[in-house]
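Next comes model-v1.csv, with CSV, C-alpha atoms.
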```csv
chain,number,residue,atom,x,y,z
W,272,VAL,CA,97.5,67.0,165.9
W,273,THR,CA,96.3,63.3,166.0
W,274,GLY,CA,93.6,61.0,164.9
W,275,HIS,CA,90.8,61.1,162.3
W,276,LEU,CA,90.4,63.7,159.6
W,277,ASP,CA,86.9,65.0,158.7
W,278,ASP,CA,85.5,64.0,155.3
W,279,CYS,CA,88.2,61.3,155.0
W,280,THR,CA,88.7,57.7,155.9
W,281,CYS,CA,92.3,58.5,157.0
W,282,ASP,CA,94.1,59.6,160.1
W,283,VAL,CA,97.1,61.8,160.8
W,284,GLU,CA,99.4,59.0,161.9
W,285,THR,CA,99.0,57.0,158.7
W,286,ILE,CA,99.9,60.1,156.6
W,287,ASP,CA,102.9,60.9,158.8
W,288,ALA,CA,104.4,57.5,158.5
W,289,PHE,CA,103.7,57.2,154.8
W,290,ASN,CA,105.1,60.6,153.9
W,291,ASN,CA,108.1,60.8,156.2
W,292,TYR,CA,109.5,57.4,155.7
W,293,LYS,CA,108.4,56.5,152.1
W,294,LEU,CA,107.3,59.3,149.9
W,295,PHE,CA,109.1,62.5,150.9
W,296,PRO,CA,112.7,61.3,150.5
W,297,ARG,CA,112.1,60.2,146.9
W,298,LEU,CA,110.0,63.3,146.1
W,299,ASN,CA,112.7,65.6,147.5
W,300,GLU,CA,115.3,63.9,145.3
W,301,LEU,CA,113.1,64.5,142.3
W,302,LEU,CA,112.6,68.2,143.1
W,303,GLU,CA,116.4,68.8,143.0
W,304,ARG,CA,116.6,67.7,139.4
W,305,ASP,CA,116.9,70.3,136.7
W,306,TYR,CA,113.5,69.8,135.2
W,307,PHE,CA,111.7,70.6,138.5
W,308,ARG,CA,113.9,73.4,139.9
W,309,TYR,CA,113.4,76.0,137.1
W,310,TYR,CA,110.0,77.6,137.2
W,311,LYS,CA,108.9,80.3,134.7
W,312,VAL,CA,106.9,83.1,136.4
W,313,ASN,CA,105.9,86.7,135.7
W,314,LEU,CA,106.5,88.6,138.9
W,315,LYS,CA,105.7,92.0,137.3
W,316,LYS,CA,102.0,91.6,136.6
W,317,PRO,CA,100.0,94.4,138.2
W,318,CYS,CA,97.4,93.7,140.9
W,319,PRO,CA,94.1,93.4,139.1
W,320,PHE,CA,91.9,94.1,142.1
W,321,TRP,CA,93.1,97.2,143.8
W,322,ASP,CA,95.6,100.0,143.3
W,323,ASP,CA,98.7,98.8,145.2
W,324,ASN,CA,101.7,101.0,145.5
W,325,SER,CA,103.1,99.0,148.4
W,326,HIS,CA,105.3,96.7,146.3
W,327,CYS,CA,107.2,95.0,149.0
W,328,GLY,CA,106.7,96.4,152.5
W,329,MET,CA,110.4,95.9,153.1
W,330,ARG,CA,113.7,97.2,151.9
W,331,ASP,CA,115.5,96.2,148.7
W,332,CYS,CA,112.8,93.8,147.5
W,333,ALA,CA,113.5,94.6,143.9
W,334,VAL,CA,114.6,91.7,141.6
W,335,GLN,CA,118.2,92.2,140.8
W,336,PRO,CA,120.3,89.5,139.1
W,337,CYS,CA,123.6,88.4,140.8
W,338,PRO,CA,126.8,89.2,139.0
W,339,SER,CA,127.7,86.3,136.8
W,340,ASP,CA,130.8,85.4,138.8
W,341,GLU,CA,128.6,84.9,141.9
W,342,VAL,CA,126.4,82.3,140.2
W,343,PRO,CA,127.1,79.0,141.9
W,344,ASP,CA,129.6,76.8,140.1
W,345,GLY,CA,127.2,73.9,140.3
W,346,ILE,CA,124.8,75.7,137.9
W,347,ARG,CA,127.6,77.1,135.7
W,348,SER,CA,129.0,73.6,135.1
W,349,GLY,CA,127.6,71.3,132.4
W,350,SER,CA,126.1,68.9,134.9
W,351,TYR,CA,124.1,71.6,136.8
W,352,LYS,CA,124.6,69.8,140.1
W,353,TYR,CA,123.7,71.6,143.3
W,354,SER,CA,126.7,71.1,145.5
W,355,GLU,CA,127.4,72.2,149.1
W,356,GLY,CA,129.8,74.8,147.8
W,357,ALA,CA,127.3,76.1,145.3
W,358,ASN,CA,124.8,76.4,148.1
W,359,HIS,CA,127.2,78.5,150.2
W,360,ARG,CA,127.8,80.8,147.2
W,361,ALA,CA,124.1,81.2,146.7
W,362,GLU,CA,123.6,82.4,150.3
W,363,GLU,CA,126.4,84.9,149.9
W,364,CYS,CA,124.8,86.2,146.7
W,365,GLU,CA,121.4,86.4,148.5
W,366,GLU,CA,123.0,88.4,151.4
W,367,ALA,CA,124.2,91.0,148.9
W,368,LYS,CA,120.7,91.6,147.7
W,369,ARG,CA,118.9,91.6,151.1
W,370,LEU,CA,115.8,89.8,152.1
W,371,GLY,CA,113.0,89.6,149.6
W,372,ALA,CA,114.8,89.9,146.3
W,373,VAL,CA,114.3,87.0,143.9
W,374,ASP,CA,117.6,85.6,142.6
W,375,ASP,CA,116.9,85.3,138.9
W,376,SER,CA,120.4,84.4,137.9
W,377,LEU,CA,120.8,81.5,135.5
W,378,SER,CA,124.1,80.4,133.8
W,379,SER,CA,124.3,80.8,130.0
W,380,GLU,CA,124.3,77.0,129.7
W,381,THR,CA,121.1,76.8,131.7
W,382,ARG,CA,119.5,79.5,129.6
W,383,ARG,CA,120.3,77.6,126.5
W,384,ALA,CA,118.8,74.4,128.0
W,385,VAL,CA,115.7,76.3,129.0
W,386,LEU,CA,115.2,77.6,125.4
W,387,GLN,CA,115.4,73.9,124.3
W,388,TRP,CA,112.7,72.9,126.8
W,389,THR,CA,110.4,75.7,125.4
W,390,GLU,CA,111.0,74.6,121.8
W,391,HIS,CA,110.4,70.9,122.8
W,392,ASP,CA,107.1,71.9,124.5
W,393,ASP,CA,106.1,73.9,121.5
W,394,SER,CA,106.8,71.0,119.1
W,395,SER,CA,104.8,68.6,121.2
W,396,ASP,CA,101.0,68.5,121.7
W,397,SER,CA,101.1,71.0,124.6
W,398,PHE,CA,98.2,73.3,123.8
W,399,CYS,CA,97.1,74.7,127.1
W,400,GLU,CA,99.9,77.1,127.7
W,401,ALA,CA,99.7,79.4,130.7
W,402,ASP,CA,99.4,83.1,130.1
W,403,ASP,CA,102.6,83.8,132.1
W,404,ILE,CA,104.7,81.7,129.8
W,405,SER,CA,104.2,83.8,126.7
W,406,SER,CA,104.7,87.1,128.4
W,407,PRO,CA,108.0,88.9,127.6
W,408,GLU,CA,108.2,89.7,131.3
W,409,ALA,CA,108.1,86.1,132.4
W,410,GLU,CA,111.5,84.7,133.6
W,411,TYR,CA,112.8,81.4,134.7
W,412,VAL,CA,113.7,81.3,138.4
W,413,ASP,CA,115.8,78.7,140.2
W,414,LEU,CA,113.6,77.5,143.1
W,415,LEU,CA,116.6,76.0,145.0
W,416,LEU,CA,118.2,79.4,145.1
W,417,ASN,CA,115.0,81.1,146.3
W,418,PRO,CA,113.7,79.0,149.2
W,419,GLU,CA,110.3,79.8,150.7
W,420,ARG,CA,111.0,81.6,154.0
W,421,TYR,CA,110.1,84.6,156.1
W,422,THR,CA,111.3,87.8,154.4
W,423,GLY,CA,109.7,90.4,156.7
W,424,TYR,CA,106.5,90.8,154.7
W,425,LYS,CA,103.7,91.1,157.2
W,426,GLY,CA,101.1,93.5,158.6
W,427,PRO,CA,98.1,95.0,156.8
W,428,ASP,CA,99.4,94.3,153.3
W,429,ALA,CA,99.7,90.6,153.9
W,430,TRP,CA,96.4,90.4,155.7
W,431,LYS,CA,94.7,92.2,152.9
W,432,ILE,CA,95.6,89.3,150.6
W,433,TRP,CA,94.3,86.6,152.9
W,434,ASN,CA,91.1,88.5,153.8
W,435,SER,CA,90.3,88.9,150.2
W,436,ILE,CA,90.8,85.2,149.6
W,437,TYR,CA,88.7,84.1,152.6
W,438,GLU,CA,86.0,86.8,152.4
W,439,GLU,CA,85.4,86.7,148.6
W,440,ASN,CA,86.5,83.4,147.3
W,441,CYS,CA,85.7,80.7,149.9
W,442,PHE,CA,81.9,80.3,149.3
W,443,LYS,CA,81.3,82.2,152.5
W,444,PRO,CA,77.6,83.1,153.1
W,445,GLN,CA,76.9,86.9,152.9
W,446,ASN,CA,75.6,87.0,156.5
W,447,VAL,CA,78.8,85.8,158.0
W,448,LYS,CA,81.1,88.6,158.9
W,449,ARG,CA,84.8,88.5,159.8
W,450,PRO,CA,86.6,91.8,160.4
W,451,LEU,CA,90.0,92.5,158.9
W,452,ALA,CA,92.5,91.1,161.4
W,453,SER,CA,96.0,92.6,161.5
W,454,GLY,CA,97.2,90.4,164.4
W,455,ARG,CA,98.9,87.1,163.7
W,456,GLY,CA,96.7,85.1,166.1
W,457,GLU,CA,93.5,86.1,164.4
W,458,SER,CA,90.4,83.9,164.8
W,459,LEU,CA,88.5,82.2,162.0
W,460,ILE,CA,85.7,81.2,164.4
W,461,TYR,CA,83.0,82.9,162.4
W,462,LEU,CA,84.0,80.9,159.3
W,463,THR,CA,84.4,77.6,161.1
W,464,LYS,CA,80.8,77.8,162.4
W,465,TRP,CA,79.3,77.7,159.0
W,466,VAL,CA,81.9,75.2,157.5
W,467,SER,CA,80.2,72.3,159.3
W,468,GLY,CA,76.8,73.2,157.8
W,469,VAL,CA,77.7,73.5,154.1
W,470,CYS,CA,77.9,70.8,151.4
W,471,VAL,CA,81.0,68.7,151.2
W,472,GLU,CA,82.3,70.4,148.0
W,473,LYS,CA,82.2,73.9,149.4
W,474,ARG,CA,83.5,72.7,152.7
W,475,ALA,CA,86.4,71.0,150.9
W,476,PHE,CA,87.2,74.2,148.9
W,477,TYR,CA,87.5,76.2,152.2
W,478,ARG,CA,89.6,73.5,153.8
W,479,LEU,CA,92.0,73.4,150.8
W,480,ILE,CA,92.6,77.2,151.0
W,481,SER,CA,93.0,77.0,154.8
W,482,GLY,CA,95.5,74.1,154.3
W,483,LEU,CA,97.4,76.2,151.8
W,484,HIS,CA,97.5,79.1,154.3
W,485,ALA,CA,98.7,76.8,157.0
W,486,SER,CA,101.4,75.3,154.8
W,487,ILE,CA,102.8,78.8,153.9
W,488,ASN,CA,102.7,79.9,157.6
W,489,ILE,CA,104.6,76.7,158.7
W,490,HIS,CA,107.4,77.4,156.2
W,491,LEU,CA,107.6,81.0,157.3
W,492,SER,CA,107.9,79.9,160.9
W,493,ALA,CA,110.4,77.2,160.1
W,494,ARG,CA,112.7,79.5,158.1
W,495,TYR,CA,112.3,82.7,160.1
W,496,LEU,CA,114.8,85.5,160.0
W,497,LEU,CA,116.3,85.2,163.5
W,498,GLN,CA,119.2,87.6,163.0
W,499,ASP,CA,119.5,90.5,160.5
W,500,THR,CA,122.7,92.6,160.6
W,501,TRP,CA,125.1,93.6,157.9
W,502,LEU,CA,127.5,91.1,159.3
W,503,GLU,CA,125.2,88.1,159.4
W,504,LYS,CA,121.7,87.0,158.5
W,505,ARG,CA,120.5,83.8,160.0
W,506,TRP,CA,117.3,81.9,159.4
W,507,GLY,CA,115.9,79.1,161.6
W,508,PRO,CA,112.8,77.8,163.4
W,509,ASN,CA,110.8,80.4,165.3
W,510,VAL,CA,108.7,78.4,167.9
W,511,THR,CA,106.9,81.5,169.2
W,512,GLU,CA,105.7,82.5,165.7
W,513,PHE,CA,104.5,78.9,165.1
W,514,GLN,CA,102.6,78.9,168.4
W,515,GLN,CA,100.9,82.2,167.6
W,516,ARG,CA,99.5,80.7,164.4
W,517,PHE,CA,98.7,77.2,165.6
W,518,ASP,CA,98.6,76.8,169.4
W,519,GLU,CA,95.2,75.6,170.5
W,520,VAL,CA,94.9,78.1,173.3
W,521,LEU,CA,96.4,81.1,171.6
W,522,THR,CA,94.2,80.6,168.5
W,523,ARG,CA,91.0,79.8,170.5
W,524,GLY,CA,90.9,76.3,169.2
W,525,GLU,CA,91.5,77.1,165.5
W,526,GLY,CA,95.2,76.1,165.3
W,527,PRO,CA,94.7,72.3,165.3
W,528,ARG,CA,91.9,72.7,162.7
W,529,ARG,CA,94.2,74.6,160.4
W,530,LEU,CA,96.8,71.9,160.7
W,531,LYS,CA,94.2,69.2,159.9
W,532,ASN,CA,93.3,71.2,156.9
W,533,LEU,CA,96.9,71.0,155.8
W,534,TYR,CA,96.6,67.1,156.0
W,535,PHE,CA,93.4,67.4,153.9
W,536,LEU,CA,95.3,69.4,151.3
W,537,TYR,CA,98.0,66.8,151.3
W,538,LEU,CA,95.4,64.0,150.7
W,539,ILE,CA,93.8,65.9,147.8
W,540,GLU,CA,97.2,66.5,146.0
W,541,LEU,CA,98.3,62.9,146.8
W,542,ARG,CA,95.1,61.6,145.2
W,543,ALA,CA,95.8,63.8,142.1
W,544,LEU,CA,99.3,62.3,141.7
W,545,SER,CA,97.9,58.7,141.9
W,546,LYS,CA,95.2,59.6,139.3
W,547,VAL,CA,97.6,61.2,136.8
W,548,LEU,CA,100.0,58.2,136.6
W,549,PRO,CA,98.7,57.0,133.1
W,550,PHE,CA,99.6,60.4,131.6
W,551,PHE,CA,103.3,60.1,132.7
W,552,GLU,CA,103.6,56.3,132.1
W,553,ARG,CA,103.2,56.6,128.3
W,554,PRO,CA,106.4,55.5,126.6
W,555,GLY,CA,106.4,58.7,124.5
W,556,PHE,CA,106.4,61.0,127.5
W,557,GLN,CA,109.7,62.4,128.6
W,558,LEU,CA,110.9,65.0,131.1
W,559,TYR,CA,112.9,66.7,128.4
W,560,THR,CA,116.2,68.5,129.4
W,561,GLY,CA,118.3,67.4,126.4
W,562,ASN,CA,120.4,64.9,128.3
W,563,GLU,CA,119.0,61.5,127.4
W,564,SER,CA,120.5,59.5,130.2
W,565,GLN,CA,119.5,62.0,132.9
W,566,ASP,CA,116.0,62.4,131.4
W,567,ALA,CA,115.5,58.6,131.5
W,568,GLU,CA,116.7,58.4,135.1
W,569,MET,CA,114.5,61.4,136.0
W,570,LYS,CA,111.4,59.7,134.5
W,571,HIS,CA,112.2,56.5,136.4
W,572,LEU,CA,112.3,58.5,139.6
W,573,LEU,CA,109.1,60.3,138.8
W,574,LEU,CA,107.2,57.0,138.1
W,575,GLU,CA,108.6,55.6,141.4
W,576,VAL,CA,107.1,58.6,143.2
W,577,LEU,CA,103.7,58.3,141.4
W,578,HIS,CA,103.5,54.5,142.1
W,579,LEU,CA,104.2,55.2,145.7
W,580,ALA,CA,101.4,57.8,145.7
W,581,ARG,CA,99.1,55.2,144.2
W,582,SER,CA,100.1,52.6,146.9
W,583,PHE,CA,98.7,54.8,149.7
W,584,PRO,CA,96.1,52.6,151.4
W,585,LEU,CA,93.6,55.3,152.5
W,586,HIS,CA,93.1,57.7,149.6
W,587,PHE,CA,90.5,60.5,149.7
W,588,ASP,CA,87.4,59.4,147.8
W,589,GLU,CA,86.7,62.2,145.3
W,590,ASN,CA,83.6,60.4,144.1
W,591,SER,CA,81.7,62.2,146.9
W,592,PHE,CA,82.4,65.4,145.0
W,593,PHE,CA,79.7,66.5,142.5
W,594,ALA,CA,77.8,63.2,142.9
W,595,GLY,CA,74.3,64.7,142.9
W,596,ASN,CA,72.1,66.3,140.2
W,597,LYS,CA,74.2,66.7,137.0
W,598,ASN,CA,73.1,70.3,136.3
W,599,GLU,CA,73.9,71.3,139.9
W,600,ALA,CA,77.2,69.5,139.8
W,601,ALA,CA,78.2,71.2,136.6
W,602,LYS,CA,77.3,74.6,138.0
W,603,LEU,CA,79.3,73.9,141.2
W,604,LYS,CA,82.3,72.7,139.2
W,605,GLU,CA,82.3,76.0,137.3
W,606,GLU,CA,82.0,77.9,140.6
W,607,PHE,CA,85.0,76.0,141.9
W,608,ARG,CA,87.0,76.9,138.8
W,609,LEU,CA,86.1,80.6,138.9
W,610,HIS,CA,86.8,80.9,142.6
W,611,PHE,CA,90.2,79.3,142.2
W,612,LYS,CA,91.1,81.3,139.2
W,613,ASN,CA,90.3,84.4,141.2
W,614,ILE,CA,92.6,83.3,144.1
W,615,SER,CA,95.5,82.7,141.6
W,616,LYS,CA,95.0,86.3,140.4
W,617,ILE,CA,95.1,87.7,143.9
W,618,MET,CA,98.7,86.3,144.2
W,619,ASP,CA,99.7,89.1,141.8
W,620,CYS,CA,98.8,91.6,144.6
W,621,VAL,CA,101.4,90.1,147.0
W,622,GLY,CA,104.0,92.9,147.6
W,623,CYS,CA,107.1,90.7,148.4
W,624,PHE,CA,108.3,89.1,145.2
W,625,LYS,CA,109.6,86.0,146.9
W,626,CYS,CA,106.3,85.5,148.7
W,627,ARG,CA,104.6,86.1,145.3
W,628,LEU,CA,106.8,83.5,143.6
W,629,TRP,CA,105.8,80.8,146.1
W,630,GLY,CA,102.2,81.9,146.3
W,631,LYS,CA,101.8,81.7,142.6
W,632,LEU,CA,103.6,78.3,142.4
W,633,GLN,CA,101.5,76.7,145.1
W,634,THR,CA,98.2,78.0,143.8
W,635,GLN,CA,99.0,76.8,140.3
W,636,GLY,CA,100.0,73.4,141.8
W,637,LEU,CA,96.8,73.0,143.7
W,638,GLY,CA,94.9,74.2,140.6
W,639,THR,CA,96.6,71.5,138.5
W,640,ALA,CA,95.7,68.9,141.2
W,641,LEU,CA,92.0,69.9,140.9
W,642,LYS,CA,92.2,69.9,137.1
W,643,ILE,CA,93.5,66.3,137.3
W,644,LEU,CA,90.7,65.2,139.7
W,645,PHE,CA,88.0,66.7,137.5
W,646,SER,CA,89.5,65.1,134.4
W,647,GLU,CA,89.5,61.4,135.4
W,648,ASN,CA,87.4,60.3,132.5
W,649,LEU,CA,89.8,62.0,130.0
W,650,ILE,CA,92.9,60.5,131.7
W,651,GLU,CA,91.4,57.0,131.4
W,652,LYS,CA,91.1,57.5,127.7
W,653,ILE,CA,94.6,58.6,127.0
W,654,PRO,CA,96.2,56.5,124.2
W,655,GLU,CA,99.4,54.7,125.0
W,656,SER,CA,101.1,56.3,122.0
W,657,GLY,CA,100.6,59.5,120.1
W,658,PRO,CA,99.3,62.9,121.3
W,659,SER,CA,96.9,63.2,124.3
W,660,TYR,CA,94.4,65.7,123.0
W,661,GLY,CA,91.8,65.1,125.6
W,662,PHE,CA,94.0,65.8,128.6
W,663,GLN,CA,97.3,67.6,128.7
W,664,LEU,CA,99.7,69.1,131.2
W,665,THR,CA,102.2,71.8,130.3
W,666,ARG,CA,105.7,71.7,131.8
W,667,GLN,CA,104.7,74.7,133.9
W,668,GLU,CA,101.8,72.8,135.4
W,669,ILE,CA,104.0,69.7,136.0
W,670,VAL,CA,106.7,71.7,137.8
W,671,ALA,CA,104.1,73.6,139.9
W,672,LEU,CA,102.2,70.3,140.8
W,673,PHE,CA,105.2,68.5,142.2
W,674,ASN,CA,106.8,71.5,143.9
W,675,ALA,CA,103.5,72.5,145.6
W,676,PHE,CA,103.1,68.9,146.8
W,677,GLY,CA,106.7,69.0,148.0
W,678,ARG,CA,105.8,72.1,150.1
```
Render the structure in this file as structure tokens.
Amino acid sequence: VTGHLDDCTCDVETIDAFNNYKLFPRLNELLERDYFRYYKVNLKKPCPFWDDNSHCGMRDCAVQPCPSDEVPDGIRSGSYKYSEGANHRAEECEEAKRLGAVDDSLSSETRRAVLQWTEHDDSSDSFCEADDISSPEAEYVDLLLNPERYTGYKGPDAWKIWNSIYEENCFKPQNVKRPLASGRGESLIYLTKWVSGVCVEKRAFYRLISGLHASINIHLSARYLLQDTWLEKRWGPNVTEFQQRFDEVLTRGEGPRRLKNLYFLYLIELRALSKVLPFFERPGFQLYTGNESQDAEMKHLLLEVLHLARSFPLHFDENSFFAGNKNEAAKLKEEFRLHFKNISKIMDCVGCFKCRLWGKLQTQGLGTALKILFSENLIEKIPESGPSYGFQLTRQEIVALFNAFGR
């Protein structure tokens, strides 16, 4: 995939160079810090759209905590560092629970720290709390112990999810039909034909969802279960799987478009990071974990990442969004919000819990990016000190935003 991206002033090569050599190394360092590795999620919410008894189309997908003596030493220690030895122990623990189970083990020290974070959020001006946070079934999950990878979840159940997203939530005209596809190399030709003819906002919405789909498929292909025996489980790149999803010939020309939509998604989330800098720059804002020196160091690293994001020379120009008639723009904005809210609800229908975890995190991250882009006027008015009543991000939204961009 090379060259110019539609609806942008940017090209693939500029993004590759900027991301790979400047931004990603710093971002990756940030995502390994305590504040960003623990994500609170409710994986037990029922599917709101259809009766689904197919919870996990694979064996042993239930969430079972590891025995406490198998929790990595790096987490049990006071510094919560993620060492190579801890990583090895985590993999052994995961082997015991099979493929799709979510490792929800946290050390007692980490649980105490997590309670402190919640109290800190409650005592601040954080007033747009996500529903999941207050649910008694919501639990903190260590994202480093639960990497996004292929778990065996595929077939009709997985395609039901994506068909529902594309068919009902991507502003698709009623006269465009696309049959349910159970094969991996399915074609979105019908959808692509109308994409070029719709307004820039609706086209952008479709491209964001396509980019999210591409991102998830790339991770599943890159960390694919290559060997699964009781003696050994081994994950690694599966080139054949990648080609079936993205090769130009095998996908009848769709693969490169999907990959370009991934770059488009990257630009949108990068733009959101550059816009939200004033919110994080305030002296009173802290990434609270209770350790003052680590918190200060973490905020310094966060601001470094955000300043890098702002320095990108060819940002997406969101001023082309909703630039027409004010009433029409307001109506379209509300449609955007409702469509996206629906997509986030569909993630509760994903059968594999690990897939559900990463699906929910990435949709919340993209939703947070859209919230930022639609709140530019409010962000500009944020006072340097005191509460930010006009615009606010919860810890949940912050963790989702940066981890989704990291994906």
Closest-contact table, stretch 618-655 of chain W side, partner stretch 482-486 of chain W, 12 Å, counting only C-alpha atoms, as CSV:
```
residue,atom,partner,partner_atom,distance
W:Trp629,CA,W:Leu483,CA,11.1
W:Gly630,CA,W:Leu483,CA,9.3
W:Lys631,CA,W:Leu483,CA,11.6
W:Leu632,CA,W:Leu483,CA,11.5
W:Gln633,CA,W:Leu483,CA,7.9
W:Thr634,CA,W:Leu483,CA,8.2
W:Gln635,CA,W:Leu483,CA,11.6
W:Gly636,CA,W:Leu483,CA,10.7
W:Leu637,CA,W:Leu483,CA,8.7
W:Gly638,CA,W:Leu483,CA,11.6
```
Any idea what's packed within 10 Å of W:Lys616, counting all atoms listed in the file, ignoring anything in its chain fewer than 6 positions away? Could you give it as a short mmCIF file (atom, residue, chain, number, x, y, z; two decimals) with C-alpha atoms, in the frame of the given file?
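And here's selection.cif as it stands now:
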```cif
data_model
loop_
_atom_site.label_atom_id
_atom_site.label_comp_id
_atom_site.auth_asym_id
_atom_site.auth_seq_id
_atom_site.Cartn_x
_atom_site.Cartn_y
_atom_site.Cartn_z
CA LYS W 316 102.00 91.60 136.60
CA PRO W 317 100.00 94.40 138.20
CA CYS W 318 97.40 93.70 140.90
CA PRO W 319 94.10 93.40 139.10
CA PHE W 320 91.90 94.10 142.10
CA LYS W 631 101.80 81.70 142.60
CA THR W 634 98.20 78.00 143.80
#
```
Checklist entry - Between W:Glu540, W:Glu599, W:Asp322, W:Asp282, which one has atoms that come closest to W:Pro584, using all atoms listed in the file? => result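 Result for the nearest residue to W:Pro584: W:Asp282.
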Checklist entry - In Å, with one decimal, what is the gap from atom CA of W:Phe556 to atom CA of W:Thr381? => result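 Between these atoms lies a distance of 22.0 Å.
Residues surrounding W:Glu519 within 12 Å are W:Val272, W:Gly456, W:Ser458, W:Phe513, W:Gln514, W:Gln515, W:Arg523, W:Gly524, W:Glu525, W:Gly526, W:Pro527, W:Arg528, W:Arg529, W:Leu530 [all atoms listed in the file; sequence separation below 4 positions excluded].
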Keeping only C-alpha atoms, write those residues as an mmCIF file, in the frame of the given file.
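Output below, filename selection.cif:
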```cif
data_model
loop_
_atom_site.group_PDB
_atom_site.id
_atom_site.type_symbol
_atom_site.label_atom_id
_atom_site.label_comp_id
_atom_site.auth_asym_id
_atom_site.auth_seq_id
_atom_site.Cartn_x
_atom_site.Cartn_y
_atom_site.Cartn_z
ATOM 1 C CA VAL W 272 97.500 67.000 165.900
ATOM 2 C CA GLY W 456 96.700 85.100 166.100
ATOM 3 C CA SER W 458 90.400 83.900 164.800
ATOM 4 C CA PHE W 513 104.500 78.900 165.100
ATOM 5 C CA GLN W 514 102.600 78.900 168.400
ATOM 6 C CA GLN W 515 100.900 82.200 167.600
ATOM 7 C CA ARG W 523 91.000 79.800 170.500
ATOM 8 C CA GLY W 524 90.900 76.300 169.200
ATOM 9 C CA GLU W 525 91.500 77.100 165.500
ATOM 10 C CA GLY W 526 95.200 76.100 165.300
ATOM 11 C CA PRO W 527 94.700 72.300 165.300
ATOM 12 C CA ARG W 528 91.900 72.700 162.700
ATOM 13 C CA ARG W 529 94.200 74.600 160.400
ATOM 14 C CA LEU W 530 96.800 71.900 160.700
#
```
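From atom CA of W:Val283 back to atom CA of W:His586, the distance works out to 12.6 Å.
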Next on the checklist: Please report the interatomic distance between atom CA of W:His391 and atom CA of W:Ser564 in Å with one decimal.
Outcome noted: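 Atom CA of W:His391 sits 16.9 Å away from atom CA of W:Ser564.
Counting all atoms listed in the file, W:Phe645 has the following residues at most 10 Å away, ignoring those fewer than 2 positions along the same chain: W:Ala543, W:Glu589, W:Phe592, W:Phe593, W:Lys604, W:Thr639, W:Ala640, W:Leu641, W:Lys642, W:Ile643, W:Glu647, W:Asn648, W:Leu649, W:Ile650.
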Next on the checklist: Would you pick out the contacts of stretch 571-578 of chain W at 10 Å or less, using all atoms listed in the file, so that residues sharing its chain but fewer than 6 positions from it are not included, and give the list as number ranges by chain?
Outcome noted: W: 293-302, 541-549, 551-552, 558, 565, 673
Could you save the residues just selected, with C-alpha atoms, as a PDB file, keeping the file's coordinate frame?
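Output file part.pdb follows:
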```
ATOM      1  CA  LYS W 293     108.400  56.500 152.100  1.00  0.00           C
ATOM      2  CA  LEU W 294     107.300  59.300 149.900  1.00  0.00           C
ATOM      3  CA  PHE W 295     109.100  62.500 150.900  1.00  0.00           C
ATOM      4  CA  PRO W 296     112.700  61.300 150.500  1.00  0.00           C
ATOM      5  CA  ARG W 297     112.100  60.200 146.900  1.00  0.00           C
ATOM      6  CA  LEU W 298     110.000  63.300 146.100  1.00  0.00           C
ATOM      7  CA  ASN W 299     112.700  65.600 147.500  1.00  0.00           C
ATOM      8  CA  GLU W 300     115.300  63.900 145.300  1.00  0.00           C
ATOM      9  CA  LEU W 301     113.100  64.500 142.300  1.00  0.00           C
ATOM     10  CA  LEU W 302     112.600  68.200 143.100  1.00  0.00           C
ATOM     11  CA  LEU W 541      98.300  62.900 146.800  1.00  0.00           C
ATOM     12  CA  ARG W 542      95.100  61.600 145.200  1.00  0.00           C
ATOM     13  CA  ALA W 543      95.800  63.800 142.100  1.00  0.00           C
ATOM     14  CA  LEU W 544      99.300  62.300 141.700  1.00  0.00           C
ATOM     15  CA  SER W 545      97.900  58.700 141.900  1.00  0.00           C
ATOM     16  CA  LYS W 546      95.200  59.600 139.300  1.00  0.00           C
ATOM     17  CA  VAL W 547      97.600  61.200 136.800  1.00  0.00           C
ATOM     18  CA  LEU W 548     100.000  58.200 136.600  1.00  0.00           C
ATOM     19  CA  PRO W 549      98.700  57.000 133.100  1.00  0.00           C
ATOM     20  CA  PHE W 551     103.300  60.100 132.700  1.00  0.00           C
ATOM     21  CA  GLU W 552     103.600  56.300 132.100  1.00  0.00           C
ATOM     22  CA  LEU W 558     110.900  65.000 131.100  1.00  0.00           C
ATOM     23  CA  GLN W 565     119.500  62.000 132.900  1.00  0.00           C
ATOM     24  CA  PHE W 673     105.200  68.500 142.200  1.00  0.00           C
TER      25      PHE W 673
END
```
Next on the checklist: So, with all atoms listed in the file as the atoms that count, which of W:Asn509, W:Gln387, W:Gln663, W:Asn417 lies closest to W:Thr560?
Outcome noted: W:Gln387
Checklist entry - Nearest to W:Arg494 among W:Asn291, W:Gln557, W:Thr273, W:Thr422, with distances taken over all atoms listed in the file: which residue is it? => result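 The closest residue to W:Arg494 is W:Thr422.
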Checklist entry - Of the candidates W:Val385, W:Tyr306, W:Lys602, W:Leu644, which shows the shortest atom-to-atom distance to W:Glu568, using all atoms listed in the file? => result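 Checking each of W:Val385, W:Tyr306, W:Lys602, W:Leu644 against W:Glu568, counting all atoms listed in the file, the winner is W:Tyr306.
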Item to check | Nearest candidate to W:Arg304 (options W:Lys425, W:Arg478, W:Lys431, W:Lys570; using all atoms listed in the file) | outcome: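 With all atoms listed in the file as the atom set, the closest residue is W:Lys570.
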Checklist outcome for this item: The residue from W:Leu609, W:Leu603, W:Ile539, W:Leu585 with the smallest atom-to-atom distance to W:Cys470, counting all atoms listed in the file, is W:Leu603
